[in-house]
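Participant: Dropping the structure in here first, questions after.
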Amino acid sequence: MTRNPRVSRTTVPDAIARLLAAQHYITSADVATSARVTRQAAHYHLARLSEQGILVHEGSRRSSRYRLNAQRVHTYPLAKLSEDEVWVSERIALRHSDPELFDAPNLVSILNFAFTEMVNNAIDHSRGSAVTIRWFIDPARLAFEVDDDGVGAFATIRQHYALADDFEALGELSKGKQTTDPDRHSGLGIYFTSRMVNRFVLSAGQLTWTVDHDVDDTAYGWLDKPRKGTLVRCEIRRDTSLTPRQVYAERANPVSGRFDKTTIHVNLFRERAGDFVSRTEAKRVGSHLEGFDEVELDFTGIAEIGQGFADELFRVWARENPRSRLVPLNANPAVLAMIATVKT
């Protein structure tokens with residue numbers, strides 16, 4: 001099945017990013033093959049990133065390879081592990097290496113939530129044996145990675161909901177309140193974390209999902225090769241003005257305090273190249289949204305929608321879910337006109 005062509009990336013920096021999402025070490029041969037450039041061109045870009053301190057170069061000649069330059073790396077066995085235990089250990093190490101981090105209360109509040117939620121996901125859902133934590137610190141930003149060796153987040157969701165592929169699993173994950181273990185989890189950890197940090201990246205299988213608030217964009221991409229387990233990377237500006245409480249408030253009902261609002265990026269559900277036309281696509285967008293009182297549908301990047309797609313969501317789904325309200329966002333006049341047509 002052909003997906004959205006927006007994910008096709010051929011630049012060398014993008015190829016390097018894709019490769020590092022799939023594997024810990026990369027070579028100039030890997031980059032040359034992925035970006036379809038010469039090894040000399042690949043080596044030039046890798047050497048530049050190494051000079052900038054972003055990558056670390058190891059080995060020489062034929063054994064030469066590169067990895068991201070993490071200031072701290074530690075691996076924990078998952079058996080009987082607690083996310084609080086990991087956070088205490090990592091916080092002590094961070095305070096020792098960069099005590100000024102803890103002078104930024106907003107940053108620490110976000111870390112308290114985001115880090116423990118992502119580690120908890122690895123513990124409870126990955127079905128792996130170990131999780132590796134990496135920290136990347138510079139004067140402007142702090143980033144952490146939670147990298148487990150389990151079955152992969154998209155495969156877990158795909159199996160639980162009997163979905164066709166990892167792409168459909170990504171769509172479900174992006175909605176919020178989606179969990180394979182409802183007795184123990186609300187399904188809100190990734191949803192809120194992806195809205196608190198400046199840049200959120202989740203890679204599993206052969207798919208990577210990015211939520212980038214610096215450029216106000218959400219996108220997915222195909223990895224050059226499948227990765228084992230799940231890699232989550234969160235980047236936070238050290239001077240962030242956001243707080244977890246603000247993120248909760250934006251999504252919660254002001255009267256009940258219940259989380260009953262979500263925003264769906266419709267572009268994540270595109271069945272094929274082109275615009276949305278089928279009822280099947282609309283049904284995927286609308287599945288498992290019954291628990292929300294308000295659903296914002298963000299049509300950024302969508303030029304047109306078909307009558308069947310609009311009818312299935314804005315007439316059929318709306319009629320079957322009278323307590324829920326669909327709100328189109330960033331829709332152009334053509335999209336709004338089609339929505340208006342099926343509502344009348």
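Residue numbering restarts at 1 for every chain of the structure tokens, chains are lettered A, B, ... in their displayed order, and ligands are numbered from 1 as they appear.
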Restrict the calculation to only C-alpha atoms, then for each residue of stretch 184-302 of chain A with any atom at most 10 Å from an atom of stretch 145-157 of chain A give the closest atom pair and their distance in Å to one decimal, rows by chain and rising residue number, as a tab-separated table.

Facilitator:
```
residue	atom	partner	partner_atom	distance
A:Val201	CA	A:Glu145	CA	9.3
A:Leu202	CA	A:Ala153	CA	8.7
A:Ser203	CA	A:Ala153	CA	8.4
A:Ala204	CA	A:Gly152	CA	5.2
A:Gly205	CA	A:Gly152	CA	6.2
A:Gln206	CA	A:Phe154	CA	9.5
A:Leu207	CA	A:Phe154	CA	8.4
A:Thr208	CA	A:Phe154	CA	9.8
A:Arg227	CA	A:Gly152	CA	8.4
A:Lys228	CA	A:Asp149	CA	5.8
A:Gly229	CA	A:Gly150	CA	4.2
A:Thr230	CA	A:Gly152	CA	4.9
A:Leu231	CA	A:Asp147	CA	4.4
A:Val232	CA	A:Val146	CA	5.2
A:Arg233	CA	A:Glu145	CA	4.4
A:Cys234	CA	A:Glu145	CA	6.6
A:Glu235	CA	A:Glu145	CA	9.0
```

Participant: Could you name the residues that touch stretch 84-94 of chain A at 12 Å or less, counting only C-alpha atoms, but leaving out those on the same chain fewer than 3 positions away, as a ChimeraX atom specification?

Facilitator: /A:71-78,80-81,97-102,108,111-120,122-123,131-137,142-144,146

Participant: Write out, as a tab-separated table, each residue of stretch 81-137 of chain A that has an atom at most 7 Å from stretch 236-250 of chain A, together with the closest pair of atoms and their distance in Å to one decimal, counting only C-alpha atoms, rows going by chain and rising number.

Facilitator:
```
residue	atom	partner	partner_atom	distance
A:Asn106	CA	A:Thr243	CA	5.5
A:Leu107	CA	A:Arg238	CA	6.2
A:Ser109	CA	A:Thr243	CA	6.8
A:Ile110	CA	A:Pro244	CA	6.1
```

Participant: Write the residues you've just listed into a file as a short mmCIF file (atom, residue, chain, number, x, y, z; two decimals), in the first residue's frame, and include C-alpha atoms for each of them.

Facilitator:
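What ended up in part_22.cif:
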```
data_model
loop_
_atom_site.label_atom_id
_atom_site.label_comp_id
_atom_site.auth_asym_id
_atom_site.auth_seq_id
_atom_site.Cartn_x
_atom_site.Cartn_y
_atom_site.Cartn_z
CA ASN A 106 9.38 23.98 34.33
CA LEU A 107 12.02 21.74 32.79
CA SER A 109 8.38 19.25 36.06
CA ILE A 110 8.21 18.09 32.45
#
```

Participant: Skipping near chain neighbours, those fewer than 2 positions away, what residues fall within 9 Å of A:Gln307 using only C-alpha atoms, listed as a list in words?

Facilitator: Val277, Ser278, Arg279, Ile305, Phe309, Ala310, Asp311, Glu312, Met338, Ile339, Thr341 and Val342 of chain A

Participant: Mind checking which residues fall within 8 Å of A:Asp212, counting only C-alpha atoms, ignoring those fewer than 4 positions away in the same chain, and posting them as a list in words?

Facilitator: Asn198, Arg199, Phe200, Asp216, Asp217 and Thr218 of chain A

Participant: Could you find all residues in stretch 52-192 of chain A that DSSP calls helix (DSSP H, G or I) from the backbone, and write them as a PyMOL selection string?

Facilitator: chain A and resi 61-63+83-97+99-103+105-125+153-161+166-175+189-192

Participant: Identify, on the basis of only C-alpha atoms, every residue whose closest approach to A:Val266 does not exceed 12 Å; exclude the query and any residue fewer than 6 positions from it along the same chain; express the result as number ranges by chain.

Facilitator: A: 4, 170-172, 174-175, 218-219, 275-276, 281-286, 295-305, 309, 313, 328-331

Participant: Those same residues, written as a CSV table (one decimal), in the first residue's frame with C-alpha atoms?

Facilitator:
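And here is the file that came out, again.csv:
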```
chain,number,residue,atom,x,y,z
A,4,ASN,CA,1.7,9.6,1.9
A,170,LEU,CA,0.4,4.9,14.7
A,171,GLY,CA,-3.0,6.4,13.9
A,172,GLU,CA,-4.5,4.8,17.0
A,174,SER,CA,-1.9,9.4,18.2
A,175,LYS,CA,-5.5,9.7,19.4
A,218,THR,CA,3.5,16.2,12.9
A,219,ALA,CA,4.9,13.6,10.5
A,275,ASP,CA,-6.4,13.3,-1.0
A,276,PHE,CA,-8.9,11.6,1.3
A,281,GLU,CA,-10.1,6.1,5.8
A,282,ALA,CA,-12.9,8.0,7.7
A,283,LYS,CA,-13.7,4.9,9.7
A,284,ARG,CA,-10.1,4.6,10.8
A,285,VAL,CA,-10.1,8.3,11.9
A,286,GLY,CA,-13.3,7.8,13.9
A,295,VAL,CA,-12.5,15.9,18.7
A,296,GLU,CA,-10.4,18.4,16.8
A,297,LEU,CA,-9.6,17.2,13.3
A,298,ASP,CA,-6.6,19.0,12.0
A,299,PHE,CA,-6.7,19.1,8.2
A,300,THR,CA,-3.2,20.7,7.7
A,301,GLY,CA,-1.8,19.6,4.4
A,302,ILE,CA,-5.1,18.2,3.0
A,303,ALA,CA,-6.2,19.9,-0.2
A,304,GLU,CA,-9.5,18.1,-0.7
A,305,ILE,CA,-11.7,15.4,0.8
A,309,PHE,CA,-15.0,10.5,3.6
A,313,LEU,CA,-17.3,11.3,9.6
A,328,PRO,CA,-12.4,20.9,11.8
A,329,LEU,CA,-9.1,22.8,12.2
A,330,ASN,CA,-6.9,24.3,9.5
A,331,ALA,CA,-9.3,23.3,6.8
```

Participant: Among stretch 41-185 of chain A, which ones does DSSP place in strand (DSSP E or B), written as a ChimeraX atom specification?

Facilitator: /A:55-58,65-68,72-77,130-137,141-148

Participant: At what distance in Å, to one decimal, does atom CA of A:Val211 lie from atom CA of A:Leu188?

Facilitator: 15.3 Å

Participant: Using only C-alpha atoms, which of A:Asn267, A:Arg65, A:Ile54, A:Asn321 sits nearest A:Asp30?

Facilitator: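 Of the candidates, the smallest distance to A:Asp30 is held by A:Arg65.
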
Participant: I want to know what sits within 8 Å of stretch 42-50 of chain A, based on only C-alpha atoms, with residues of the same chain fewer than 2 positions away left out; could you give that as a count of residues only?

Facilitator: 17

Participant: Which residues, written as an mmCIF file with C-alpha atoms, in the first residue's frame, have at least one atom at most 10 Å from A:Gly291, with only C-alpha atoms counted and residues fewer than 5 positions away on the same chain left out?

Facilitator:
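Output (selection.cif):
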```
data_model
loop_
_atom_site.group_PDB
_atom_site.id
_atom_site.type_symbol
_atom_site.label_atom_id
_atom_site.label_comp_id
_atom_site.auth_asym_id
_atom_site.auth_seq_id
_atom_site.Cartn_x
_atom_site.Cartn_y
_atom_site.Cartn_z
ATOM 1 C CA LYS A 177 -6.600 7.070 25.559
ATOM 2 C CA PHE A 259 -9.766 14.481 29.876
ATOM 3 C CA ASP A 260 -12.356 14.571 27.097
ATOM 4 C CA LYS A 261 -10.734 16.489 24.241
ATOM 5 C CA THR A 262 -8.231 15.343 21.641
ATOM 6 C CA ASN A 321 -21.977 9.627 18.642
ATOM 7 C CA ARG A 323 -22.372 13.349 22.742
ATOM 8 C CA SER A 324 -19.169 13.986 20.775
#
```

Participant: Find the distance between atom CA of A:Gly189 and atom CA of A:Ala252 and write it in Å to one decimal.

Facilitator: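 Taking atom CA of A:Gly189 and atom CA of A:Ala252, their separation equals 14.7 Å.
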
Participant: What is the distance, in Å and to one decimal place, between atom CA of A:Thr263 and atom CA of A:Arg158?

Facilitator: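 So the two atoms, atom CA of A:Thr263 and atom CA of A:Arg158, lie 21.0 Å apart.
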